[in-house]
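Everything below concerns the one structure shown next.
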Amino acid sequence: ALLLGATEENLPLVVDYVKGLSIGAVAILLNGALVRFLQLDQAALFSFVSVLVMTIVNVAGDILDVKVFNGGMFGMALATSISYFAAVIFCLLHFFRKKSSIKLDFKSVRVKDLGPIISYGFPSAIGQACNGVNTLIINNILLTIGGTLFVSSFSCQSTVATFLQSASLGIGMTALMVLSIIVGEEDRTSLIKVFKKILLIGLIINTCIMVFVLISADWIASIFCSSDAEGLKTASFAIRITAIGFPFSIIGIIFQNYYQSIKKMAYVNIFVVFQNLIFAVLFAFVLPKIFGPNSVWFYFPVSQIVSLLLLVIFAVIKNKSFPTNIEKLMIIDPDFGVKDDNRLIFTATSMDEVINISKKVWSFCTNLNIIDTRRYISSLAIEELAGNIVKHGFNDNKKHLIEGCLTYKNGKLILKLKDNCRGFDPKKQLEIMNPKDVTSNIGIRMMAKLSQEMNYQSMFRLNVLTIII
């Protein structure tokens, strides 16, 4: 409580609140993770209702605390903790539904997966840590230069920023998943095209949010802050200045998630630390000393703008030249992607089309002088796996489509199949098969033995199967 800037007068209240909130720590962490899985599984309505459940439970708990239990600040925080547990329980219900393509499976938990999970999740973890330290330091800076007035305005500004930037976080997470799929296909042209489109959409959305906040900052401040005239004035000013940084912030968020999709983890971690901590704290400390106390609120937009210079520095280091366009800022490896002649893209909606694609795959391999067993395996993979999708996935009277891509690079054939049928993991199916029943799922068994590697993912209710031959 003292580290967060509590005074002698309100120290007991802050301590009680921290104690009550700590009870819900696990639920708060789980809720953030589960909401992302809900979005991944195209269960946006479930995610929305979970927030609604959380809000209702929280408000009801606060009322009971005041009217019935007289639990003070501890009771208020406990109500928040309970509301998070309620949201987590509701989120978990989705993963037990038949239509859910993502299921809870504790039997498949493997210690060896911890390494990649930690590596991949480290930027998010370090980002959260930086935000915590950022809040701690800036809180004390504001307490020093503006007293409780600035601290309460900072609380209001942070609440509004967290709420409004949820759109940016959603865009960033979507960018990570979509771009990761394209990276897996080594499709250089599509990667650049989709990245530019995501960047444009992000800028449009955040510019609209910025304009809305600039116009309605006074009204927004009145919702989150006290009715004190001076407090409202300071809070609305802080909110307006923060909004200026939104268009610059989304650029950084999209690039950060893009770097993660191309496995440039060092760049991601450096960017996160500088954007979320070093630059924010630096400008919160320096600006008031030069331009006066109120200039402290410019720390957010200035730190976001300066952070973008890191993107240029990364590009200069990687390309050994100054980037003159977005493509060069993307620091794509020179050997990334394959020529059009080394790629076969196809779609299928019926068994007849699957057979025709199998023949095209045979011709594709022949033209590339791949006349060994890989030609046979590639053609067979289309017939068996795509045919299996048509046979078992297209039988529900709904519109379905298989999208596929076969690429040849570095002596390897990479086949990727995507379909919008119900979730089906071939590798999981192999695990539950009876090894003595050699007649079941012959195609899957055969491909598992003939291919070098077989990986399955479920993204946006799409089955994504990748096979290396």
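In the structure tokens, each chain is lettered A, B, ... as it comes, each chain's residues begin at 1, and ligands are numbered from 1 in order of appearance.
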
Shell of 10 Å around A:Ala161, only C-alpha atoms, local chain residues under 4 positions omitted, as a PyMOL selection string: chain A and resi 155-157+165-166+239+242-243+246

Could you please take those selected residues and save C-alpha atoms as a PDB file, in the first residue's frame?
```
ATOM      1  CA  SER A 155      -6.694   6.451 -11.530  1.00  0.00           C
ATOM      2  CA  CYS A 156      -9.532   7.811 -13.667  1.00  0.00           C
ATOM      3  CA  GLN A 157      -7.273   8.111 -16.730  1.00  0.00           C
ATOM      4  CA  GLN A 165      -7.617   0.043 -25.317  1.00  0.00           C
ATOM      5  CA  SER A 166      -9.416  -3.297 -25.131  1.00  0.00           C
ATOM      6  CA  ILE A 239      -8.057  11.626 -20.581  1.00  0.00           C
ATOM      7  CA  THR A 242      -4.003  10.093 -23.300  1.00  0.00           C
ATOM      8  CA  ALA A 243      -6.389   9.684 -26.245  1.00  0.00           C
ATOM      9  CA  PHE A 246      -4.090   5.767 -29.147  1.00  0.00           C
TER      10      PHE A 246
END
```

Surrounding residues of A:Ala315 excluding itself and chain neighbours under 2 positions, 10 Å, only C-alpha atoms, as a ChimeraX atom specification: /A:309-313,317-324,327-332

Create the file for the chosen residues now, containing N, CA and C atoms and written as a short mmCIF file (atom, residue, chain, number, x, y, z; two decimals), in the first residue's frame.
```cif
data_model
loop_
_atom_site.label_atom_id
_atom_site.label_comp_id
_atom_site.auth_asym_id
_atom_site.auth_seq_id
_atom_site.Cartn_x
_atom_site.Cartn_y
_atom_site.Cartn_z
N LEU A 309 10.19 4.75 -32.85
CA LEU A 309 11.55 4.88 -33.37
C LEU A 309 12.32 3.56 -33.24
N LEU A 310 11.93 2.76 -32.24
CA LEU A 310 12.57 1.45 -32.07
C LEU A 310 12.34 0.57 -33.30
N LEU A 311 11.17 0.70 -33.92
CA LEU A 311 10.88 -0.08 -35.11
C LEU A 311 11.86 0.25 -36.23
N VAL A 312 12.18 1.52 -36.33
CA VAL A 312 13.15 1.97 -37.34
C VAL A 312 14.53 1.43 -37.01
N ILE A 313 14.89 1.50 -35.73
CA ILE A 313 16.21 1.00 -35.30
C ILE A 313 16.33 -0.49 -35.58
N ILE A 317 19.10 -2.21 -38.09
CA ILE A 317 20.00 -3.29 -37.64
C ILE A 317 19.85 -4.52 -38.54
N LYS A 318 18.62 -4.85 -38.86
CA LYS A 318 18.35 -6.06 -39.65
C LYS A 318 18.72 -5.89 -41.12
N ASN A 319 18.32 -4.73 -41.72
CA ASN A 319 18.51 -4.54 -43.16
C ASN A 319 19.80 -3.83 -43.53
N LYS A 320 20.48 -3.27 -42.51
CA LYS A 320 21.71 -2.49 -42.75
C LYS A 320 21.44 -1.26 -43.62
N SER A 321 20.19 -0.79 -43.57
CA SER A 321 19.81 0.41 -44.32
C SER A 321 18.56 1.00 -43.71
N PHE A 322 18.29 2.28 -44.02
CA PHE A 322 17.12 2.96 -43.46
C PHE A 322 15.86 2.46 -44.17
N PRO A 323 14.82 2.08 -43.42
CA PRO A 323 13.59 1.57 -44.05
C PRO A 323 12.82 2.68 -44.75
N THR A 324 12.46 2.47 -45.99
CA THR A 324 11.74 3.48 -46.77
C THR A 324 10.27 3.12 -46.98
N GLU A 327 7.16 -2.53 -45.79
CA GLU A 327 7.73 -3.86 -46.04
C GLU A 327 9.11 -3.98 -45.42
N LYS A 328 9.92 -2.92 -45.53
CA LYS A 328 11.26 -2.96 -44.94
C LYS A 328 11.21 -2.86 -43.42
N LEU A 329 10.18 -2.17 -42.90
CA LEU A 329 9.99 -2.11 -41.45
C LEU A 329 9.62 -3.48 -40.89
N MET A 330 9.06 -4.34 -41.74
CA MET A 330 8.62 -5.65 -41.29
C MET A 330 9.79 -6.63 -41.12
N ILE A 331 10.97 -6.22 -41.52
CA ILE A 331 12.21 -7.02 -41.37
C ILE A 331 12.00 -8.50 -41.68
N ILE A 332 11.41 -8.75 -42.84
CA ILE A 332 11.20 -10.14 -43.27
C ILE A 332 12.52 -10.72 -43.74
#
```

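Nearest residue to A:Ile28 among A:Leu282, A:Ala386, A:Leu179, A:Met54 is A:Met54, counting only C-alpha atoms.
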
Which residue of A:Ala266, A:Ile389, A:Ala448, A:Ile254 approaches A:Lys196 most closely, using only C-alpha atoms: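 Ranked by minimum distance to A:Lys196, first place goes to A:Ile254.
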
A:Val49, A:Leu415, A:Ile244, A:Ala284 ranked by distance to A:Asn139, top pick (using only C-alpha atoms): A:Ala284

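The coordinates place atom CA of A:Val273 at 9.2 Å from atom CA of A:Ala129.
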
Determine, using only C-alpha atoms, which residues of stretch 101-199 of chain A have any atom at most 10 Å from an atom of stretch 341-353 of chain A, and tabulate each with its shortest atom pair and distance in Å to one decimal place, rows ordered by chain and then rising number, as a tab-separated table.
```
residue	atom	partner	partner_atom	distance
A:Glu185	CA	A:Arg343	CA	9.7
A:Glu186	CA	A:Arg343	CA	9.7
A:Asp187	CA	A:Arg343	CA	9.1
```

Residues of the last selection are to be written out with N, CA, C and O atoms, as a compact mmCIF listing (two decimals), in the first residue's frame.
```
# COMPACT_ATOMS: atom_id res chain seq x y z
N GLU A 185 2.60 -20.67 -43.64
CA GLU A 185 2.45 -21.01 -45.06
C GLU A 185 3.58 -20.41 -45.91
O GLU A 185 3.64 -20.66 -47.11
N GLU A 186 4.43 -19.60 -45.27
CA GLU A 186 5.55 -18.94 -45.96
C GLU A 186 5.05 -18.17 -47.19
O GLU A 186 5.66 -18.20 -48.26
N ASP A 187 3.93 -17.49 -47.01
CA ASP A 187 3.34 -16.70 -48.09
C ASP A 187 3.73 -15.23 -47.89
O ASP A 187 3.04 -14.49 -47.19
```

Using only C-alpha atoms, which protein or nucleic acid residues come within 6 Å of stretch 66-82 of chain A? Drop anything in the same chain fewer than 5 positions from it, and give the result as a tab-separated table (two decimals) with C-alpha atoms, in the first residue's frame.
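selection-v1.tsv, freshly written:
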```
chain	number	residue	atom	x	y	z
A	13	LEU	CA	-8.25	1.37	3.77
A	16	ASP	CA	-7.84	-3.83	3.49
A	17	TYR	CA	-8.57	-3.43	-0.21
A	20	GLY	CA	-9.53	-8.52	-0.34
A	21	LEU	CA	-8.35	-8.28	-3.92
A	24	GLY	CA	-9.09	-13.25	-6.30
A	58	ASN	CA	-19.53	-7.27	-8.35
A	61	GLY	CA	-21.53	-7.80	-3.72
```

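We find atom CA of A:Ser222 and atom CA of A:Ser153 to be spaced 11.2 Å apart.
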
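With only C-alpha atoms as the atoms that count, the minimum distance from A:Lys412 to the choices A:Leu29, A:Asp396, A:Ile204, A:Leu368 is reached by A:Leu368.
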
Residue nearest A:Phe336 among A:Cys91, A:Leu191, A:Leu401, A:Ile370 (counting only C-alpha atoms):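 Distance minimum relative to A:Phe336 lands on A:Leu191.
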
Coordinates-based distance that separates atom CA of A:Ser307 from atom CA of A:Gln275 (Å, one decimal):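 Computing it gives 5.5 Å between the two atoms.
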
All strand (DSSP E) positions in stretch 197-348 of chain A, as JSON, numbers by chain: {"A": [343, 344, 345, 346, 347, 348]}

Counting only C-alpha atoms, the residue of A:Thr234, A:Thr407, A:Ser101, A:Thr55 that sits nearest A:Gln457: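 That would be A:Ser101, the residue with the smallest distance to A:Gln457.
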
For A:Tyr299: contacts at 9 Å, only C-alpha atoms, fewer than 2 positions along chain excluded, given as a PDB file with C-alpha atoms, in the first residue's frame:
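Result file around-v8.pdb:
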```pdb
ATOM      1  CA  ILE A 241      -4.075  13.876 -23.730  1.00  0.00           C
ATOM      2  CA  THR A 242      -4.003  10.093 -23.300  1.00  0.00           C
ATOM      3  CA  PHE A 279       9.908   5.653 -22.014  1.00  0.00           C
ATOM      4  CA  ALA A 280       6.688   6.115 -19.999  1.00  0.00           C
ATOM      5  CA  VAL A 281       8.526   6.667 -16.719  1.00  0.00           C
ATOM      6  CA  LEU A 282      11.250   8.784 -18.366  1.00  0.00           C
ATOM      7  CA  PHE A 283       8.798  11.283 -19.873  1.00  0.00           C
ATOM      8  CA  ALA A 284       6.554  11.321 -16.780  1.00  0.00           C
ATOM      9  CA  PHE A 285       9.630  12.398 -14.820  1.00  0.00           C
ATOM     10  CA  VAL A 286      11.216  14.810 -17.339  1.00  0.00           C
ATOM     11  CA  LEU A 287       8.253  16.669 -18.877  1.00  0.00           C
ATOM     12  CA  SER A 295       2.615  18.414 -18.915  1.00  0.00           C
ATOM     13  CA  VAL A 296       3.061  15.120 -17.045  1.00  0.00           C
ATOM     14  CA  TRP A 297      -0.069  13.800 -18.781  1.00  0.00           C
ATOM     15  CA  PRO A 301       1.415   9.928 -26.253  1.00  0.00           C
ATOM     16  CA  VAL A 302       5.067  10.999 -26.244  1.00  0.00           C
ATOM     17  CA  SER A 303       6.257   7.586 -25.037  1.00  0.00           C
ATOM     18  CA  GLN A 304       4.143   5.857 -27.715  1.00  0.00           C
TER      19      GLN A 304
END
```

Distance query A:Thr174 at most 12 Å, only C-alpha atoms, self and fewer than 5 positions along chain excluded, as a PyMOL selection string: chain A and resi 36-37+39-42+167-169+179-181+194-195+198-199+201-202+253-254+257-258+261+459-460

Long-range neighbours of A:Leu214 as a PyMOL selection string, 12 Å cut-off, only C-alpha atoms, 3 positions minimum in chain: chain A and resi 207-211+217-221+236-246
